[in-house]
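**Student:** Got a structure for you, written out below as structure tokens; questions coming shortly.
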Amino acid sequence: MAYRTVKTASETEYTVNKSRFIGRCIPVETEEEALSELAAIRKKHWDATHNCYAYVIGKAGADAASTVMRFSDDGEPGGTAGMPMLNVLRQKGITNVLVVSTRYFGGILLGAGGLVRAYSKSAAMAVDASGIVSVVDGVIIKIAMDYSRYGSLDTFLQRKKAEPESLMDIRGTEFTDLVTVEVGIRAEEAERFIADTVELTDGRVTPEITARCELKI
């Protein structure tokens with residue numbers, strides 16, 4: 001099942017009325033990983049006024065019953081930090097992501113509305129910096145061949161990889177008594193890919209699906 005998440009971890013910063021907001025967005029797979037990342041940020045910014053956060057975990061999507069959503073205002077007035085940050089994640093339709101906004105108070109009160117805008121902006125900036133990607137189901141295919149067939153197969157793989165909208169990637173190549181190549185490809189394209197490979201090699205090479213994987217668009 002396809003879902004949307006972020007591509008990489010990011011860190012952003014901006015200042016409003018002398019308060020400094022450091023936003024972070026981190027891709028995570030489990031709630032335990034999210035809490036571990038949060039603990040590391042709290043340790044690093046132990047002297048901050050607040051370390052507010054929100055996270056969504058669950059590959060079925062943010063509206064699924066199995067999805068875990070948590071947030072914290074970390075001492076800010078209720079509803080002014082964590083929930084606005086969570087709303088950013090929900091509005092962008094992303095999951096498996098943690099956002100943390102670290103605030104160093106600058107001496108000027110922002111008011112409830114100002115805090116909502118500041119934390120929302122901090123989260124949105126961090127998410128945008130991380131980049132949003134879609135994740136689709138894929139499979140790992142192993143292709144073992146003798147050395148005489150590697151050249152033509154490599155040309156075929158490079159051509160497939162360069163096709164528009166292709167998500168195929170070469171995961172590794174091992175040279176022993178045979179050449180063994182592992183590729184990742186969309187699950188829905190696996191049958192056609194295997195058939196093309198068999199045809200290319202005159203039936204002398206039979207690729208096999210060895211595992212499932214996820215591919216990012």
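Naming works like this for the structure tokens: A, B, ... for the chains as they're shown, residue 1 at the start of each chain, ligands 1 onward in shown order.
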If you count only C-alpha atoms, which residues fall within 12 Å of Lys121 in chain A, apart from same-chain ones fewer than 3 positions away, as JSON, numbers by chain?
**Tutor:** {"A": [12, 13, 14, 15, 16, 21, 22, 23, 24, 81, 84, 85, 86, 87, 88, 89, 99, 100, 101, 114, 115, 116, 117, 118, 124, 125, 126, 127, 128]}
**Student:** Quick one: residues within 9 Å of range 51-61 of chain A, only C-alpha atoms, excluding same-chain residues fewer than 2 positions away - as an MDAnalysis selection string?
**Tutor:** chainID A and resid 1:4 28:31 34 38 41:42 45:46 48:49 63:76 81:87 89:90 93:103 119 123
**Student:** Export, as a short mmCIF file (atom, residue, chain, number, x, y, z; two decimals), in the first residue's frame, the selected residues with N, CA and C atoms.
**Tutor:**
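Listed below is the output, result_18.cif:
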data_model
loop_
_atom_site.label_atom_id
_atom_site.label_comp_id
_atom_site.auth_asym_id
_atom_site.auth_seq_id
_atom_site.Cartn_x
_atom_site.Cartn_y
_atom_site.Cartn_z
N MET A 1 0.84 -1.19 0.00
CA MET A 1 0.00 0.00 0.00
C MET A 1 0.88 1.25 0.00
N ALA A 2 0.60 2.15 -0.91
CA ALA A 2 1.41 3.36 -1.02
C ALA A 2 1.08 4.33 0.11
N TYR A 3 2.09 5.08 0.53
CA TYR A 3 1.88 6.13 1.53
C TYR A 3 2.89 7.22 1.30
N ARG A 4 2.72 8.34 1.99
CA ARG A 4 3.61 9.49 1.84
C ARG A 4 4.39 9.71 3.13
N VAL A 28 10.91 8.28 10.60
CA VAL A 28 11.01 7.22 11.61
C VAL A 28 10.10 6.07 11.20
N GLU A 29 10.45 4.87 11.64
CA GLU A 29 9.67 3.68 11.28
C GLU A 29 8.77 3.20 12.42
N THR A 30 9.18 3.50 13.67
CA THR A 30 8.44 3.01 14.83
C THR A 30 8.32 4.11 15.87
N GLU A 31 7.40 3.91 16.81
CA GLU A 31 7.25 4.87 17.90
C GLU A 31 8.50 4.89 18.78
N ALA A 34 10.97 7.13 17.19
CA ALA A 34 10.58 8.52 17.36
C ALA A 34 10.95 9.02 18.74
N LEU A 38 13.62 11.94 19.80
CA LEU A 38 13.16 13.03 20.65
C LEU A 38 14.05 13.18 21.89
N ILE A 41 17.28 14.90 21.00
CA ILE A 41 17.11 16.35 20.80
C ILE A 41 16.95 17.05 22.14
N ARG A 42 16.19 16.48 23.05
CA ARG A 42 16.02 17.07 24.38
C ARG A 42 17.35 17.14 25.12
N HIS A 45 19.38 19.96 23.52
CA HIS A 45 18.84 21.28 23.84
C HIS A 45 18.23 21.27 25.25
N TRP A 46 19.00 20.80 26.21
CA TRP A 46 18.53 20.73 27.58
C TRP A 46 18.22 22.12 28.16
N ALA A 48 16.88 24.62 26.47
CA ALA A 48 15.83 25.30 25.72
C ALA A 48 14.62 25.54 26.62
N THR A 49 13.82 26.53 26.27
CA THR A 49 12.60 26.80 27.02
C THR A 49 11.57 25.70 26.80
N ASP A 63 -5.17 8.45 8.55
CA ASP A 63 -6.56 8.31 8.95
C ASP A 63 -6.91 6.88 9.37
N ALA A 64 -5.94 5.99 9.34
CA ALA A 64 -6.21 4.59 9.67
C ALA A 64 -6.24 4.39 11.17
N ALA A 65 -7.04 3.43 11.60
CA ALA A 65 -7.18 3.16 13.03
C ALA A 65 -5.88 2.68 13.64
N SER A 66 -5.02 2.06 12.85
CA SER A 66 -3.76 1.52 13.37
C SER A 66 -2.67 2.58 13.50
N THR A 67 -2.92 3.77 13.00
CA THR A 67 -1.92 4.82 13.04
C THR A 67 -1.78 5.39 14.44
N VAL A 68 -0.53 5.63 14.86
CA VAL A 68 -0.25 6.24 16.16
C VAL A 68 0.07 7.72 15.94
N MET A 69 -0.63 8.59 16.64
CA MET A 69 -0.38 10.03 16.57
C MET A 69 -0.19 10.56 17.98
N ARG A 70 0.90 11.23 18.21
CA ARG A 70 1.19 11.80 19.53
C ARG A 70 1.72 13.22 19.35
N PHE A 71 1.52 14.06 20.39
CA PHE A 71 2.06 15.41 20.36
C PHE A 71 2.21 15.92 21.78
N SER A 72 3.00 16.97 21.95
CA SER A 72 3.21 17.57 23.27
C SER A 72 3.48 19.06 23.13
N ASP A 73 2.85 19.84 24.03
CA ASP A 73 3.10 21.28 24.10
C ASP A 73 4.32 21.60 24.96
N ASP A 74 4.79 20.61 25.72
CA ASP A 74 5.99 20.75 26.55
C ASP A 74 6.02 22.06 27.34
N GLY A 75 4.94 22.37 28.01
CA GLY A 75 4.91 23.54 28.88
C GLY A 75 4.31 24.79 28.24
N GLU A 76 4.15 24.80 26.93
CA GLU A 76 3.46 25.92 26.30
C GLU A 76 1.96 25.82 26.63
N ALA A 81 1.03 24.42 20.51
CA ALA A 81 2.29 23.94 19.93
C ALA A 81 2.16 22.56 19.30
N GLY A 82 1.98 21.53 20.13
CA GLY A 82 1.96 20.17 19.62
C GLY A 82 0.86 19.89 18.63
N MET A 83 -0.36 20.30 18.94
CA MET A 83 -1.48 20.05 18.02
C MET A 83 -1.32 20.79 16.70
N PRO A 84 -0.93 22.07 16.70
CA PRO A 84 -0.68 22.73 15.41
C PRO A 84 0.40 22.03 14.59
N MET A 85 1.42 21.49 15.25
CA MET A 85 2.45 20.75 14.53
C MET A 85 1.89 19.45 13.95
N LEU A 86 1.07 18.77 14.74
CA LEU A 86 0.43 17.54 14.25
C LEU A 86 -0.47 17.85 13.07
N ASN A 87 -1.16 18.97 13.13
CA ASN A 87 -2.05 19.35 12.03
C ASN A 87 -1.27 19.56 10.73
N LEU A 89 1.38 17.86 9.83
CA LEU A 89 1.63 16.51 9.30
C LEU A 89 0.38 15.93 8.66
N ARG A 90 -0.77 16.14 9.29
CA ARG A 90 -2.02 15.61 8.77
C ARG A 90 -2.42 16.31 7.48
N GLY A 93 -0.53 15.04 4.70
CA GLY A 93 -0.82 13.64 4.41
C GLY A 93 0.38 12.73 4.53
N ILE A 94 1.25 12.98 5.51
CA ILE A 94 2.46 12.18 5.65
C ILE A 94 2.44 11.37 6.94
N THR A 95 3.17 10.29 6.93
CA THR A 95 3.26 9.41 8.08
C THR A 95 4.70 8.94 8.26
N ASN A 96 4.94 8.20 9.34
CA ASN A 96 6.29 7.76 9.71
C ASN A 96 7.24 8.96 9.77
N VAL A 97 6.82 9.96 10.53
CA VAL A 97 7.59 11.20 10.61
C VAL A 97 7.44 11.83 11.99
N LEU A 98 8.53 12.40 12.46
CA LEU A 98 8.58 13.14 13.72
C LEU A 98 9.00 14.57 13.43
N VAL A 99 8.28 15.53 14.01
CA VAL A 99 8.71 16.93 13.96
C VAL A 99 8.90 17.43 15.39
N VAL A 100 9.97 18.15 15.59
CA VAL A 100 10.28 18.75 16.89
C VAL A 100 10.60 20.22 16.67
N SER A 101 10.03 21.07 17.51
CA SER A 101 10.35 22.49 17.46
C SER A 101 10.90 22.92 18.81
N THR A 102 12.15 23.32 18.81
CA THR A 102 12.84 23.76 20.03
C THR A 102 12.77 25.28 20.10
N ARG A 103 12.25 25.78 21.22
CA ARG A 103 12.11 27.23 21.37
C ARG A 103 13.02 27.76 22.47
N TYR A 119 4.69 27.76 15.83
CA TYR A 119 4.97 26.33 15.82
C TYR A 119 4.52 25.66 14.52
N ALA A 123 7.19 23.72 12.04
CA ALA A 123 6.99 22.35 11.56
C ALA A 123 6.94 22.31 10.04
#
**Student:** May I ask which of the residues A:Ile217, A:Met145, A:Val139, A:Leu157 is the closest one to Val205 in chain A, counting only C-alpha atoms?
**Tutor:** A:Met145
**Student:** Give the answer as one residue: which of A:Gly113, A:Lys18, A:Asp47, A:Asp202 has the shortest atom-to-atom distance to Pro77 in chain A, using only C-alpha atoms?
**Tutor:** A:Gly113
**Student:** Enumerate, in order of chain and increasing residue number, the residues of range 86-173 of chain A with an atom no farther than 8 Å from range 184-197 of chain A, each with its shortest atom pair and distance in Å to one decimal, counting only C-alpha atoms, as a tab-separated table.
**Tutor:**
residue	atom	partner	partner_atom	distance
A:Val136	CA	A:Arg186	CA	7.2
A:Asp137	CA	A:Ala187	CA	5.9
A:Gly138	CA	A:Arg186	CA	4.2
A:Val139	CA	A:Ala187	CA	5.4
A:Ile140	CA	A:Gly184	CA	4.6
A:Ile141	CA	A:Gly184	CA	6.4
A:Leu153	CA	A:Thr197	CA	7.8
A:Leu167	CA	A:Ile185	CA	6.1
A:Met168	CA	A:Ile185	CA	4.5
A:Asp169	CA	A:Gly184	CA	5.3
A:Ile170	CA	A:Gly184	CA	6.4
A:Arg171	CA	A:Gly184	CA	6.6
**Student:** Could the residues in this selection be saved with C-alpha atoms as a PDB file, in the first residue's frame?
**Tutor:**
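Final output, saved to selection_5.pdb:
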ATOM      1  CA  VAL A 136       5.247   2.047  -3.040  1.00  0.00           C
ATOM      2  CA  ASP A 137       5.531  -1.720  -2.690  1.00  0.00           C
ATOM      3  CA  GLY A 138       8.500  -3.321  -4.399  1.00  0.00           C
ATOM      4  CA  VAL A 139      10.393  -6.599  -4.605  1.00  0.00           C
ATOM      5  CA  ILE A 140      14.044  -7.606  -4.684  1.00  0.00           C
ATOM      6  CA  ILE A 141      14.942  -9.735  -7.690  1.00  0.00           C
ATOM      7  CA  LEU A 153      22.226  -7.757 -19.111  1.00  0.00           C
ATOM      8  CA  LEU A 167      11.862   3.139  -9.819  1.00  0.00           C
ATOM      9  CA  MET A 168      14.190   0.258 -10.581  1.00  0.00           C
ATOM     10  CA  ASP A 169      17.491   0.414  -8.772  1.00  0.00           C
ATOM     11  CA  ILE A 170      20.506  -1.885  -8.677  1.00  0.00           C
ATOM     12  CA  ARG A 171      21.027  -2.962  -5.070  1.00  0.00           C
TER      13      ARG A 171
END
**Student:** Got a sec to tell me which of range 10-197 of chain A DSSP assigns to strand (DSSP E or B), as a ChimeraX atom specification?
**Tutor:** /A:10-16,19-27,50-57,68-72,97-104,132-145,169-175,179-186
**Student:** Measuring atom to atom with only C-alpha atoms, identify which of A:Thr80, A:His50, A:Ser166, A:Ile143 is nearest to Phe105 in chain A.
**Tutor:**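 Smallest distance to Phe105 in chain A is found for A:His50.
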**Student:** Enumerate, as a ChimeraX atom specification, the complete set of residues in range 59-132 of chain A that a backbone-based DSSP assignment places in alpha helix (DSSP H).
**Tutor:** /A:82-92,111-130
**Student:** One decimal, in Å: what's the spacing between CA of Glu32 in chain A and CA of Ser10 in chain A?
**Tutor:**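 Between CA of Glu32 in chain A and CA of Ser10 in chain A the gap is 19.5 Å.
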